[in-house]
Amino acid sequence: MKSKIFAMLLLFVTSFFCGCTKTLGWSVVLWGDEENGLKDGEIVKVYVRSNITHSYIIEHPDGRGRAEIKIWQISEPEKKSKAEKTAQKYEEYTNTFASVKADGLPIRAEAANTAKQVYRLREKEIIRILYIGEGAAVTNSKGAMQGDWYRVLTNDGTQGWCFSYNLDIYNSNEGGKRQEEIAEQTKDDLSAFKKIVETRWYPQEFAELLKAKRIDPLRIKSNFGCFIDSNSGKISILTADDSLSWNFKGAKSKSGGKFLLEGADVTLFPRGEDELTVTYKEDGRPKNAHFVSLSANIDDLLSKEKKRRASEFAKIVNLSSRYESSNYGTLLFSPSGTFGWKNFSLLVPSVISENAKENGRVQIEYFLSDSLKSSYDGILTFRFSGQEKEVNFLYKLTSSGLRLEDASKANIKNNVVSSRGTSPLILFFEAKN
């Protein structure tokens with residue numbers, strides 16, 4: 001974690017002081033970096049070396065900014081004129097790789113079969129061929145073996161000499177992948193991207209609310225989610241908090257199963273079959289949005305929740321449509337969710353605004369935490385005509401009437417009432433026939 005933070009700070013500092021940072025020199029890319037768009041044999045300017053992350057900060061040859069690259073992927077920084085000569089040394093074998101045919105094949109410190117071993121290769125391991133050299137002949141029981149000594153590089157940064165008899169040498173500009181591997185990878189990438197596009201993605205919050213059995217119509221809507229249209233080249237995100245969209249030209253596969261939507265600077269990162277992270281920039285900073293696929297029918301769940309709330313409210317109306325309090329006036333409820341409230345002057349202005357009229361709409365919108373369910377039936381939200389701000393009361397229905405508790409100072413977060421307010425006002429209304 002510390003190394004990642006250091007690398008980010010390193011990138012920021014070098015970018016900020018781009019006009020005055022002293023360079024370490026120039027280097028040749030020995031093993032291309034697909035993630036950063038760097039190719040074998042390119043000459044890059046090197047700014048900073050980090051021994052913590054074992055990396056350099058370099059500048060793209062085409063001026064696209066700076067990137068972090070592992071130390072072993074480039075040659076030692078030197079003057080530009082010398083780097084150009086170094087590049088010529090590697091030029092003949094640019095994009096040349098080899099697949100190892102024998103398990104345990106040694107890489108040696110010198111081009112001789114008696115030299116010290118610095119690495120033992122695995123069968124089918126891919127190594128980079130840097131250049132050909134002259135070395136001692138290699139023999140076996142049958143005599144001299146055919147082949148040459150090559151300076152090679154492994155993908156963990158080890159360099160040395162390897163005899164080619166057990167190497168399958170080939171050319172590739174895709175980080176060592178053969179053409180058939182590239183074709184197969186492209187096929188897999190297309191299939192993976194198609195699956196992302198065809199999956200219905202909902203905000204991750206949906207899964208959390210469903211697990212908690214809180215189907216909140218204010219947070220859950222059937223048209224919320226992440227939508228990717230590869231035909232029109234458009235990606236949209238619609239949630240309770242955001243409405244965003246971008247146009248893109250195509251999708252490029254990246255390491256780790258990610259896809260970059262070109263032209264939109266948006267990255268898709270599927271995590272298994274049921275989760276998707278979308279990374280984009282907001283005010284220049286990266287931001288993540290998380291989505292999930294669900295088997296549940298959202299419209300059915302919302303319909304059931306609407307019926308549940310209507311049923312809870314109906315219990316109040318069924319006991320009585322008229323409730324009276326000697327101090328706080330008379331409450332009238334209708335099955336449709338409208339209310340009348342007369343003579344509530346003692347609640348003005350501490351609870352109800354002086355601009356509020358004696359009518360409006362009332363409904364159940366919030367959820368109770370588990371700790372409050374034993375003491376209350378729910379929470380009623382009153383919206384008075386003439387008053388913009390809603391008025392909330394925790395309520396308990398008894399055999400004789402309705403007890404209301406002012407919830408203006410209650411802790412309500414994510415539409416859940418988690419705790420009561422301090423010294424709340426409590427009202428009791430008697431049910432009248």
# chains A, B, ... in the order shown; residues from 1 in each chain; ligands from 1
>>> residues_around(residues="A:Lys342", least_positions_apart="4", cutoff="8 Å", atoms="only C-alpha atoms", output="list in words")
Gly329, Thr330, Leu331 and Glu358 of chain A
>>> write_last_selection(atoms="N, CA and C atoms", output="mmCIF file, in the first residue's frame")
data_model
loop_
_atom_site.group_PDB
_atom_site.id
_atom_site.type_symbol
_atom_site.label_atom_id
_atom_site.label_comp_id
_atom_site.auth_asym_id
_atom_site.auth_seq_id
_atom_site.Cartn_x
_atom_site.Cartn_y
_atom_site.Cartn_z
ATOM 1 N N GLY A 329 -54.839 19.557 18.578
ATOM 2 C CA GLY A 329 -55.802 19.669 17.506
ATOM 3 C C GLY A 329 -56.410 18.355 17.041
ATOM 4 N N THR A 330 -56.970 18.378 15.837
ATOM 5 C CA THR A 330 -57.684 17.229 15.278
ATOM 6 C C THR A 330 -57.032 16.790 13.967
ATOM 7 N N LEU A 331 -56.786 15.495 13.869
ATOM 8 C CA LEU A 331 -56.197 14.910 12.662
ATOM 9 C C LEU A 331 -57.249 14.121 11.910
ATOM 10 N N GLU A 358 -53.746 23.808 6.761
ATOM 11 C CA GLU A 358 -54.304 22.711 7.559
ATOM 12 C C GLU A 358 -54.611 21.466 6.733
#
>>> residues_around(residues="stretch 400-402 of chain A", least_positions_apart="5", cutoff="6 Å", atoms="only C-alpha atoms", output="list in words")
Phe428, Phe429, Glu430 and Ala431 of chain A
>>> write_last_selection(atoms="all heavy atoms", output="PDB file, in the first residue's frame")
ATOM      1  N   PHE A 428     -50.399  12.588  21.835  1.00  0.00           N
ATOM      2  CA  PHE A 428     -51.333  11.469  21.761  1.00  0.00           C
ATOM      3  C   PHE A 428     -52.673  11.952  21.236  1.00  0.00           C
ATOM      4  O   PHE A 428     -53.233  12.942  21.723  1.00  0.00           O
ATOM      5  CB  PHE A 428     -51.529  10.795  23.119  1.00  0.00           C
ATOM      6  CG  PHE A 428     -52.433   9.588  23.029  1.00  0.00           C
ATOM      7  CD1 PHE A 428     -51.945   8.379  22.547  1.00  0.00           C
ATOM      8  CD2 PHE A 428     -53.777   9.685  23.362  1.00  0.00           C
ATOM      9  CE1 PHE A 428     -52.766   7.277  22.423  1.00  0.00           C
ATOM     10  CE2 PHE A 428     -54.620   8.586  23.246  1.00  0.00           C
ATOM     11  CZ  PHE A 428     -54.102   7.374  22.770  1.00  0.00           C
ATOM     12  N   PHE A 429     -53.189  11.254  20.244  1.00  0.00           N
ATOM     13  CA  PHE A 429     -54.471  11.561  19.637  1.00  0.00           C
ATOM     14  C   PHE A 429     -55.420  10.390  19.874  1.00  0.00           C
ATOM     15  O   PHE A 429     -55.087   9.241  19.552  1.00  0.00           O
ATOM     16  CB  PHE A 429     -54.317  11.798  18.132  1.00  0.00           C
ATOM     17  CG  PHE A 429     -53.559  13.050  17.785  1.00  0.00           C
ATOM     18  CD1 PHE A 429     -52.180  13.098  17.816  1.00  0.00           C
ATOM     19  CD2 PHE A 429     -54.263  14.206  17.425  1.00  0.00           C
ATOM     20  CE1 PHE A 429     -51.498  14.260  17.489  1.00  0.00           C
ATOM     21  CE2 PHE A 429     -53.577  15.382  17.113  1.00  0.00           C
ATOM     22  CZ  PHE A 429     -52.188  15.402  17.135  1.00  0.00           C
ATOM     23  N   GLU A 430     -56.574  10.695  20.384  1.00  0.00           N
ATOM     24  CA  GLU A 430     -57.569   9.657  20.656  1.00  0.00           C
ATOM     25  C   GLU A 430     -58.390   9.381  19.412  1.00  0.00           C
ATOM     26  O   GLU A 430     -58.830  10.307  18.702  1.00  0.00           O
ATOM     27  CB  GLU A 430     -58.485  10.092  21.806  1.00  0.00           C
ATOM     28  CG  GLU A 430     -59.489   9.023  22.239  1.00  0.00           C
ATOM     29  CD  GLU A 430     -60.366   9.499  23.364  1.00  0.00           C
ATOM     30  OE1 GLU A 430     -60.173  10.629  23.841  1.00  0.00           O
ATOM     31  OE2 GLU A 430     -61.247   8.731  23.763  1.00  0.00           O
ATOM     32  N   ALA A 431     -58.588   8.105  19.123  1.00  0.00           N
ATOM     33  CA  ALA A 431     -59.397   7.713  17.959  1.00  0.00           C
ATOM     34  C   ALA A 431     -60.863   7.990  18.240  1.00  0.00           C
ATOM     35  O   ALA A 431     -61.387   7.656  19.295  1.00  0.00           O
ATOM     36  CB  ALA A 431     -59.171   6.233  17.646  1.00  0.00           C
TER      37      ALA A 431
END
>>> residues_around(residues="A:Asp156", least_positions_apart="6", cutoff="12 Å", atoms="only C-alpha atoms", output="ChimeraX atom specification")
/A:31,54,70-73,119,121,125-128
>>> write_last_selection(atoms="C-alpha atoms", output="short mmCIF file (atom, residue, chain, number, x, y, z; two decimals), in the first residue's frame")
data_model
loop_
_atom_site.label_atom_id
_atom_site.label_comp_id
_atom_site.auth_asym_id
_atom_site.auth_seq_id
_atom_site.Cartn_x
_atom_site.Cartn_y
_atom_site.Cartn_z
CA TRP A 31 10.30 -5.08 -22.82
CA HIS A 54 11.49 -0.45 -8.19
CA LYS A 70 9.54 -1.13 -13.85
CA ILE A 71 13.29 -0.57 -13.67
CA TRP A 72 14.11 -3.79 -15.53
CA GLN A 73 11.93 -2.89 -18.51
CA TYR A 119 18.27 -18.29 -13.57
CA LEU A 121 13.70 -21.31 -16.91
CA GLU A 125 8.20 -19.60 -20.16
CA ILE A 126 8.42 -16.56 -22.43
CA ILE A 127 11.65 -14.55 -22.50
CA ARG A 128 12.80 -11.52 -24.49
#
>>> atom_distance(atom1="atom CA of A:Trp246", atom2="atom CA of A:Ser293")
21.4 Å
>>> residues_around(residues="A:Asn327", least_positions_apart="5", cutoff="9 Å", atoms="only C-alpha atoms", output="VMD selection string")
chain A and resid 343 to 344 346 427
>>> write_last_selection(atoms="N, CA and C atoms", output="short mmCIF file (atom, residue, chain, number, x, y, z; two decimals), in the first residue's frame")
data_model
loop_
_atom_site.label_atom_id
_atom_site.label_comp_id
_atom_site.auth_asym_id
_atom_site.auth_seq_id
_atom_site.Cartn_x
_atom_site.Cartn_y
_atom_site.Cartn_z
N ASN A 343 -56.09 23.19 14.23
CA ASN A 343 -55.69 23.67 15.55
C ASN A 343 -54.34 23.08 16.03
N PHE A 344 -53.32 23.22 15.20
CA PHE A 344 -51.99 22.72 15.59
C PHE A 344 -51.08 23.86 16.05
N LEU A 346 -49.98 25.01 18.81
CA LEU A 346 -48.96 24.75 19.82
C LEU A 346 -47.70 24.11 19.22
N LEU A 427 -46.97 13.37 21.36
CA LEU A 427 -48.37 13.75 21.21
C LEU A 427 -49.23 12.50 21.22
#
